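The structure under discussion appears below in the form of structure tokens.
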Amino acid sequence: MGRDTLTGSRIRERRIIAGIKQVDLARRVAISASYLNLIEHNRRRIGGKLLLDLAGILDVEPSLLTEGAEATLIAALREAASDPRGKAAELDRAEEFAGRFPGWAYLLADSRQRMATLERTVEALTDRMTHDPHLAASLHEMLTTVTAIRSAASILAEPGEIDPEWQERFHRNIYEDSARLADTSRSLVSYLEAAEDTSSDPSVPQEEVDAIFDAADHHIAELETGEGTPAEVAEHLGSGRSEPARAMLLRSFVRYAADAAKLPLSVLSDVVAETGADPIALAQRCEVDTGLAMRRLASLPSDVLPEPVGLAICDASGSLTYRKPLRNFAMPRFGAGCPLWPLYQALSRPMMLLGQTVEQPGQPAHIFRTFAIASPTGPAQVNREPLFQSHMLIVPQTGSESDQSLPVGTTCRICPRTGCDARREPSILSGRGQIGF
Amino acid sequence: MAKQVLVIEDEPNIIEAISFILLRDGWTVKTHSNGLTAVEAVLERKPDVVILDVMLPGKSGYDILRELRELPETAGLPILMLTARGQTKDRELAERAGVSHFMTKPFSNAEVLDAVHALVAPVGGAT
């Protein structure tokens, strides 16, 4: 049943919600109750003044009665039904369902959205447990220290004489190692407690810096206008953060200020108004390097660039040194960087700008245009290999999937893609993404 | 003549404890702390058995182990590997690289001695 043929169902639904009897509503619009009954069962078409009168009494926009629920709600229901777990759902009746039971439909769509968010959280936590270098290093440190204490204590506890010099040495070792163990334990507990709320209190320095940029929406107004020096702004925004995080923040702000000086916001705004989020055009027009153009695009406030772009920067080891996430683009923090393939590909082809459309799984799939380039971090030095870093700008695209796009996932463990040659481990999503399929 | 153990480990207090129990047990003990030069140290000192930590500065114990197994002089050398990571995949990784024995931290002194004895006797032929 089409959307425009369900006007009667919507009138009935709204009347019931409003608590008006059919006969009373019919009387108020000067038609018979039996005729209204035919309308409500979609057996008579309705329009013109009668529609306006009914909408007025039911206190809704006439278009809500004729067009029904929002297209996004219908799309969300279809997305839910397209999931293998929803194979029993009547896909062709999604609109009728939304029209007749909008409350339930919104609840279903919201639940679906919440489920997707929770899956993303599981992904992030899995990612952290698997690849978190801070956690791994702390546990390794603890085990090593415990081993040293156990060995020394065991030697001292064993029967038999021990040379006084050795005895003194092991006592000292136990004292030093126990102090080190206390420090490591305290640090680990703080870290794990902080991990319960990573968004508000990250404890890995890079995460602290990321959080500061996220809070500022990646636009540092004081550095754009020159009202503050990088040191002053870092002191202010880095207040309460760890020493390493403040040092990293200062480096980031020094680069931000230098970028802003080379490509001021006023110039940037004018060019972007003409070319949009196009790093190639921006670099050519303003005669700046492409990495700088990408960084400046990522720093634009929403009044200049309403559709935000994402940015990832990594060093030659693949570690992310800057991370501006984007809605619907799952950007890993540690390892398993499938969505960042172009970023890493660029490292193998330095100085070549790679353009690639990537497609994240979803219904519909989320499409992004990416630009990636690896370039040296500083000026050339005699007989020294340059150190490279790679930039990847992510620009949301509208449109459908394309054969030209690169399918990327989240992490294998929760990626729904089947038939991926790059899959490393099976997906925990039941029956999906098995190796070799 | 006492047989020689080379302990490749970067944690000084673990080196001291292991050295002490091995010396007391009749072994000659040499130590080395740098992953980058560990293979050269083995070739130079020609130990009868090596105790090798996994996480070393400069180069991992797995890489050192692989390199030693590729050299004819050390292809059959008994090597006891120590690691804080005891997952099955770590053990498999060590076995694929050619480890003789694998031990996870925290271990006891007796376990280290038993493992070394199982690989080679302190004096005379192998047990």
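Labeling convention for the structure tokens: chains A, B, ... as they appear, residues from 1 per chain, ligands from 1 in order of appearance.
Selected on chain A by distance to chain B: A:His140, A:Leu143, A:Thr144, A:Val146, A:Thr147, A:Ala148, A:Arg150, A:Ser151, A:Ala152, A:Ser154, A:Ile155, A:Phe170, A:Asn173 (within 8 Å, counting only C-alpha atoms).
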12 Å contact set for Met248 of chain A, only C-alpha atoms, chain neighbours under 4 positions out, as a JSON list (two decimals) with C-alpha atoms, in the first residue's frame:
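What follows is the written file out-v6.json:
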```json
[["chain", "number", "residue", "atom", "x", "y", "z"],
["A", 204, "VAL", "CA", 46.57, 8.14, 27.59],
["A", 205, "PRO", "CA", 48.25, 11.42, 26.60],
["A", 206, "GLN", "CA", 47.15, 11.18, 22.96],
["A", 207, "GLU", "CA", 43.56, 10.62, 24.12],
["A", 208, "GLU", "CA", 43.80, 13.66, 26.37],
["A", 209, "VAL", "CA", 44.89, 15.77, 23.43],
["A", 210, "ASP", "CA", 42.14, 14.28, 21.26],
["A", 212, "ILE", "CA", 40.73, 18.77, 24.05],
["A", 213, "PHE", "CA", 40.44, 19.10, 20.28],
["A", 230, "PRO", "CA", 50.30, 28.55, 21.47],
["A", 231, "ALA", "CA", 51.90, 28.34, 24.92],
["A", 234, "ALA", "CA", 47.96, 25.19, 25.70],
["A", 235, "GLU", "CA", 48.33, 26.32, 29.31],
["A", 238, "GLY", "CA", 45.55, 21.82, 28.97],
["A", 241, "ARG", "CA", 45.88, 17.36, 32.03],
["A", 242, "SER", "CA", 49.00, 15.23, 32.39],
["A", 243, "GLU", "CA", 52.46, 16.62, 31.70],
["A", 244, "PRO", "CA", 52.98, 14.52, 28.53],
["A", 252, "SER", "CA", 49.86, 20.61, 18.16],
["A", 253, "PHE", "CA", 49.02, 24.24, 18.87],
["A", 254, "VAL", "CA", 52.35, 25.47, 17.50],
["A", 255, "ARG", "CA", 51.51, 23.71, 14.25],
["A", 321, "THR", "CA", 48.84, 11.51, 15.98],
["A", 322, "TYR", "CA", 45.68, 13.45, 15.13]]
```
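Going from atom CA of Pro386 of chain A to atom CA of Glu287 of chain A covers 22.5 Å.
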message = So that I can check the surroundings of Arg45 of chain B, please list as a list of chain:residue names every protein, DNA and RNA residue that reaches within 12 Å of it, counting only C-alpha atoms and ignoring chain neighbours fewer than 3 positions away.
response = B:Lys3, B:Gln4, B:Val5, B:Leu6, B:Val7, B:Thr28, B:Val29, B:Lys30, B:Thr31, B:His32, B:Ala38, B:Val39, B:Glu40, B:Ala41, B:Val42, B:Asp48, B:Val49, B:Val50, B:Glu73, B:Thr74
key: DSSP-assigned alpha helix (DSSP H) among chain B, expressed as a ChimeraX atom specification   = /B:12-24,38-45,61-70,88-97,109-119
For the selection just defined, write its residues with N, CA and C atoms to a file, as a compact mmCIF listing (two decimals), in the first residue's frame.
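Result file follows (selection-v9.txt):
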```
# COMPACT_ATOMS: atom_id res chain seq x y z
N PRO B 12 67.42 -5.46 35.54
CA PRO B 12 68.62 -5.78 36.32
C PRO B 12 68.36 -6.66 37.55
N ASN B 13 67.24 -6.47 38.22
CA ASN B 13 67.00 -7.26 39.43
C ASN B 13 66.65 -8.71 39.11
N ILE B 14 66.04 -8.94 37.96
CA ILE B 14 65.79 -10.32 37.53
C ILE B 14 67.12 -10.96 37.13
N ILE B 15 67.97 -10.18 36.47
CA ILE B 15 69.30 -10.70 36.09
C ILE B 15 70.05 -11.13 37.35
N GLU B 16 70.01 -10.31 38.38
CA GLU B 16 70.74 -10.64 39.62
C GLU B 16 70.22 -11.92 40.25
N ALA B 17 68.90 -12.03 40.33
CA ALA B 17 68.32 -13.20 40.99
C ALA B 17 68.63 -14.47 40.21
N ILE B 18 68.44 -14.42 38.88
CA ILE B 18 68.71 -15.62 38.06
C ILE B 18 70.20 -15.96 38.11
N SER B 19 71.04 -14.93 38.03
CA SER B 19 72.48 -15.18 38.08
C SER B 19 72.86 -15.87 39.38
N PHE B 20 72.27 -15.39 40.48
CA PHE B 20 72.62 -15.96 41.79
C PHE B 20 72.27 -17.44 41.87
N ILE B 21 71.04 -17.78 41.46
CA ILE B 21 70.64 -19.20 41.60
C ILE B 21 71.41 -20.10 40.65
N LEU B 22 71.78 -19.57 39.50
CA LEU B 22 72.55 -20.39 38.55
C LEU B 22 73.99 -20.56 39.03
N LEU B 23 74.57 -19.47 39.53
CA LEU B 23 75.95 -19.55 40.05
C LEU B 23 76.01 -20.55 41.21
N ARG B 24 75.01 -20.46 42.08
CA ARG B 24 74.97 -21.35 43.24
C ARG B 24 74.80 -22.81 42.81
N ALA B 38 72.18 -8.81 20.70
CA ALA B 38 72.07 -10.10 21.41
C ALA B 38 72.64 -11.26 20.58
N VAL B 39 72.36 -11.26 19.28
CA VAL B 39 72.85 -12.37 18.45
C VAL B 39 74.37 -12.39 18.44
N GLU B 40 74.97 -11.21 18.31
CA GLU B 40 76.44 -11.12 18.34
C GLU B 40 76.98 -11.62 19.68
N ALA B 41 76.28 -11.27 20.76
CA ALA B 41 76.72 -11.72 22.09
C ALA B 41 76.71 -13.24 22.19
N VAL B 42 75.67 -13.87 21.64
CA VAL B 42 75.59 -15.33 21.67
C VAL B 42 76.76 -15.94 20.87
N LEU B 43 76.98 -15.39 19.70
CA LEU B 43 78.05 -15.93 18.84
C LEU B 43 79.42 -15.75 19.50
N GLU B 44 79.59 -14.65 20.17
CA GLU B 44 80.89 -14.35 20.79
C GLU B 44 81.13 -15.22 22.03
N ARG B 45 80.08 -15.39 22.86
CA ARG B 45 80.29 -16.07 24.15
C ARG B 45 80.07 -17.58 24.09
N GLY B 61 62.58 -10.66 21.56
CA GLY B 61 63.16 -11.99 21.75
C GLY B 61 62.79 -12.93 20.62
N TYR B 62 61.58 -12.76 20.05
CA TYR B 62 61.17 -13.63 18.94
C TYR B 62 62.11 -13.44 17.74
N ASP B 63 62.41 -12.19 17.44
CA ASP B 63 63.30 -11.92 16.29
C ASP B 63 64.69 -12.47 16.55
N ILE B 64 65.18 -12.31 17.78
CA ILE B 64 66.51 -12.83 18.12
C ILE B 64 66.52 -14.35 17.96
N LEU B 65 65.45 -14.97 18.44
CA LEU B 65 65.35 -16.43 18.36
C LEU B 65 65.36 -16.89 16.89
N ARG B 66 64.58 -16.23 16.06
CA ARG B 66 64.55 -16.61 14.63
C ARG B 66 65.93 -16.49 14.01
N GLU B 67 66.60 -15.39 14.32
CA GLU B 67 67.95 -15.19 13.73
C GLU B 67 68.91 -16.27 14.20
N LEU B 68 68.83 -16.62 15.47
CA LEU B 68 69.73 -17.66 16.00
C LEU B 68 69.47 -19.01 15.34
N ARG B 69 68.19 -19.29 15.09
CA ARG B 69 67.85 -20.58 14.47
C ARG B 69 68.29 -20.65 13.02
N GLU B 70 68.49 -19.51 12.39
CA GLU B 70 68.93 -19.51 10.99
C GLU B 70 70.44 -19.67 10.87
N THR B 88 48.10 -18.46 24.45
CA THR B 88 48.42 -19.58 23.55
C THR B 88 49.14 -19.08 22.31
N LYS B 89 48.69 -17.93 21.80
CA LYS B 89 49.30 -17.44 20.55
C LYS B 89 50.76 -17.05 20.77
N ASP B 90 51.09 -16.58 21.99
CA ASP B 90 52.50 -16.23 22.26
C ASP B 90 53.35 -17.48 22.31
N ARG B 91 52.79 -18.52 22.94
CA ARG B 91 53.51 -19.79 23.02
C ARG B 91 53.71 -20.37 21.61
N GLU B 92 52.66 -20.28 20.80
CA GLU B 92 52.76 -20.80 19.43
C GLU B 92 53.80 -20.02 18.63
N LEU B 93 53.79 -18.71 18.85
CA LEU B 93 54.76 -17.86 18.15
C LEU B 93 56.19 -18.28 18.51
N ALA B 94 56.40 -18.53 19.81
CA ALA B 94 57.73 -18.93 20.25
C ALA B 94 58.10 -20.30 19.70
N GLU B 95 57.13 -21.21 19.69
CA GLU B 95 57.42 -22.55 19.18
C GLU B 95 57.73 -22.52 17.69
N ARG B 96 56.98 -21.69 16.96
CA ARG B 96 57.27 -21.58 15.52
C ARG B 96 58.66 -21.01 15.28
N ALA B 97 59.07 -20.12 16.17
CA ALA B 97 60.40 -19.51 16.01
C ALA B 97 61.52 -20.45 16.44
N ASN B 109 62.18 -19.49 41.13
CA ASN B 109 63.58 -19.85 40.90
C ASN B 109 63.70 -21.34 40.56
N ALA B 110 62.92 -22.15 41.29
CA ALA B 110 62.98 -23.60 41.06
C ALA B 110 62.56 -23.95 39.65
N GLU B 111 61.54 -23.24 39.15
CA GLU B 111 61.08 -23.52 37.78
C GLU B 111 62.17 -23.19 36.76
N VAL B 112 62.88 -22.10 37.00
CA VAL B 112 63.96 -21.73 36.07
C VAL B 112 65.05 -22.78 36.10
N LEU B 113 65.43 -23.19 37.31
CA LEU B 113 66.49 -24.19 37.42
C LEU B 113 66.08 -25.51 36.78
N ASP B 114 64.84 -25.94 37.05
CA ASP B 114 64.36 -27.20 36.46
C ASP B 114 64.40 -27.13 34.94
N ALA B 115 63.96 -25.97 34.41
CA ALA B 115 63.92 -25.83 32.95
C ALA B 115 65.32 -25.87 32.35
N VAL B 116 66.25 -25.19 33.00
CA VAL B 116 67.62 -25.17 32.49
C VAL B 116 68.23 -26.57 32.57
N HIS B 117 67.95 -27.28 33.67
CA HIS B 117 68.46 -28.65 33.82
C HIS B 117 67.86 -29.57 32.77
N ALA B 118 66.62 -29.33 32.43
CA ALA B 118 65.98 -30.18 31.42
C ALA B 118 66.63 -29.97 30.06
N LEU B 119 67.20 -28.80 29.85
CA LEU B 119 67.82 -28.50 28.55
C LEU B 119 69.26 -28.98 28.49
```
message = Using DSSP assignments from the backbone, pull out every residue in chain B that falls under strand (DSSP E or B) and give it to me as a list of chain:residue names.
response =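 These are the residues in question: B:Gln4, B:Val5, B:Leu6, B:Val7, B:Ile8, B:Thr28, B:Val29, B:Lys30, B:Thr31, B:His32, B:Val49, B:Val50, B:Ile51, B:Leu52, B:Asp53, B:Ile79, B:Leu80, B:Met81, B:Leu82, B:Thr83, B:His101, B:Phe102, B:Met103, B:Thr104.
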Can you pull out the residues contacting Pro376 of chain A? Cut-off 10 Å, using only C-alpha atoms, and skip same-chain residues under 3 positions away; I want them as a short mmCIF file (atom, residue, chain, number, x, y, z; two decimals) with N, CA and C atoms, in the first residue's frame.
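Writing done, so here's part_20.cif:
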```
data_model
loop_
_atom_site.label_atom_id
_atom_site.label_comp_id
_atom_site.auth_asym_id
_atom_site.auth_seq_id
_atom_site.Cartn_x
_atom_site.Cartn_y
_atom_site.Cartn_z
N ASP A 315 51.97 8.82 11.94
CA ASP A 315 53.40 8.86 11.63
C ASP A 315 53.76 7.60 10.84
N ALA A 316 55.04 7.45 10.54
CA ALA A 316 55.44 6.34 9.67
C ALA A 316 55.25 4.98 10.33
N PRO A 350 54.94 7.77 -1.04
CA PRO A 350 55.13 9.14 -0.56
C PRO A 350 54.98 10.19 -1.66
N MET A 351 54.42 11.30 -1.27
CA MET A 351 54.26 12.49 -2.12
C MET A 351 53.24 12.30 -3.24
N PRO A 379 62.33 19.71 6.78
CA PRO A 379 63.16 19.94 5.60
C PRO A 379 64.16 18.80 5.37
N ALA A 380 64.63 18.67 4.14
CA ALA A 380 65.58 17.61 3.81
C ALA A 380 66.90 17.84 4.56
N GLU A 385 67.50 9.83 6.01
CA GLU A 385 66.19 9.48 5.48
C GLU A 385 65.15 10.44 6.08
N PRO A 386 64.26 10.97 5.25
CA PRO A 386 63.22 11.84 5.83
C PRO A 386 62.22 11.02 6.64
N LEU A 387 61.63 11.69 7.62
CA LEU A 387 60.58 11.06 8.42
C LEU A 387 59.24 11.48 7.82
N PHE A 388 58.41 10.48 7.49
CA PHE A 388 57.15 10.81 6.82
C PHE A 388 55.97 10.77 7.78
N GLN A 389 54.97 11.57 7.46
CA GLN A 389 53.68 11.44 8.12
C GLN A 389 52.62 11.45 7.03
N SER A 390 51.50 10.83 7.33
CA SER A 390 50.45 10.71 6.33
C SER A 390 49.19 11.42 6.82
#
```
task = Between B:Met1, B:Ser100, B:Leu77, B:Leu82, single out the one closest to Lys46 of chain B, counting only C-alpha atoms.
result = B:Leu77
